[in-house]
Amino acid sequence: MPENIILIGFMGTGKSTIGRQLSLSLGYPLVDTDQLIEERTGKSIPQIFETEGEETFRQLETEVLTSLAESKHHVIATGGGIIGKEENRQLLRALGYVVWLVATPEEILNRTSRNTNRPLLNHTNPAETIRNLLAQRTPLYQATSHLMIETDQLNFDEVITGIVESARYYFSKTKDS
Ligand code: S3P
């Protein structure tokens, strides 16, 4: 077990913020699949969607995940749509302990409306897009994750402590088996 913690979940559920704090608490480096894609292509996510399309972006996500296969003791934050492909779901589970961050559609809309760097929500009716994508993706997040955390129900420290303690327990069990 490579003992990574992988954060999955919809846009605006706090993967980057929680990832940064987990990285500090555990002393594990943080990697972010969106950021790796931007570094490797030299383009921003909106530029990739605009010039090459979503399919190319999804291919890049798989490439980045594959390249992380040897990572150990990392916190890995991912883009919200990474669970769309079966291949990615398997890669994510093989990487370590997968934590699914959940927020209400209202909270997601509130958090994502603050910036325009998410091409999938840059439309006239982001609330409807959020509802539709959540309906499609919820079973996939569920199937991929070891732990689900409802971020709206807990304060920030509780979220971090909950993840750290559950991951430690999981890693200790998988070591024994
Ligand atoms: C996407 C989520 C984004 C980014 C891209 C597509 C998605 O990441 O990967 O805009 O399909 O949900 P965040 O979840 O970090 O916003």
# chains A, B, ... in the order shown; residues from 1 in each chain; ligands from 1
>>> residues_near_ligand(ligand="ligand 1", cutoff="10 Å", atoms="only C-alpha atoms and all ligand atoms", output="PyMOL selection string")
chain A and resi 7-16+32-35+37+44-46+48-49+54+57-58+61+77-84+112+116-122+130+133-134+137
>>> closest_residue(among="A:Ser113, A:Asn155, A:Thr56, A:Thr104", to="A:Arg131", atoms="only C-alpha atoms")
A:Thr104
>>> select_by_dssp(residues="chain A", states="helix (DSSP H, G or I)", output="count of residues only")
109
>>> closest_residue(among="A:Ser23, A:Thr17, A:Gln136, A:Thr129", to="A:His73", atoms="only C-alpha atoms")
A:Ser23
>>> closest_residue(among="A:Asn88, A:Arg114, A:Tyr97, A:Arg20", to="A:Lys173", atoms="only C-alpha atoms")
A:Tyr97
>>> select_by_dssp(residues="chain A", states="strand (DSSP E or B)", output="ChimeraX atom specification")
/A:4-9,30-32,75-77,96-102,147-150
>>> atom_distance(atom1="atom CA of A:Ala94", atom2="atom CA of A:Glu158")
26.3 Å
>>> closest_residue(among="A:Phe171, A:Pro139, A:Ser67, A:Val164", to="A:Val31", atoms="only C-alpha atoms")
A:Ser67
>>> atom_distance(atom1="atom CA of A:Ile6", atom2="atom CA of A:His123")
29.1 Å
>>> closest_residue(among="A:Glu50, A:Glu150, A:Glu86, A:Glu38", to="A:Leu101", atoms="only C-alpha atoms")
A:Glu150
>>> closest_residue(among="A:Ser71, A:Leu60, A:Gly96, A:Glu106", to="A:Leu30", atoms="only C-alpha atoms")
A:Ser71
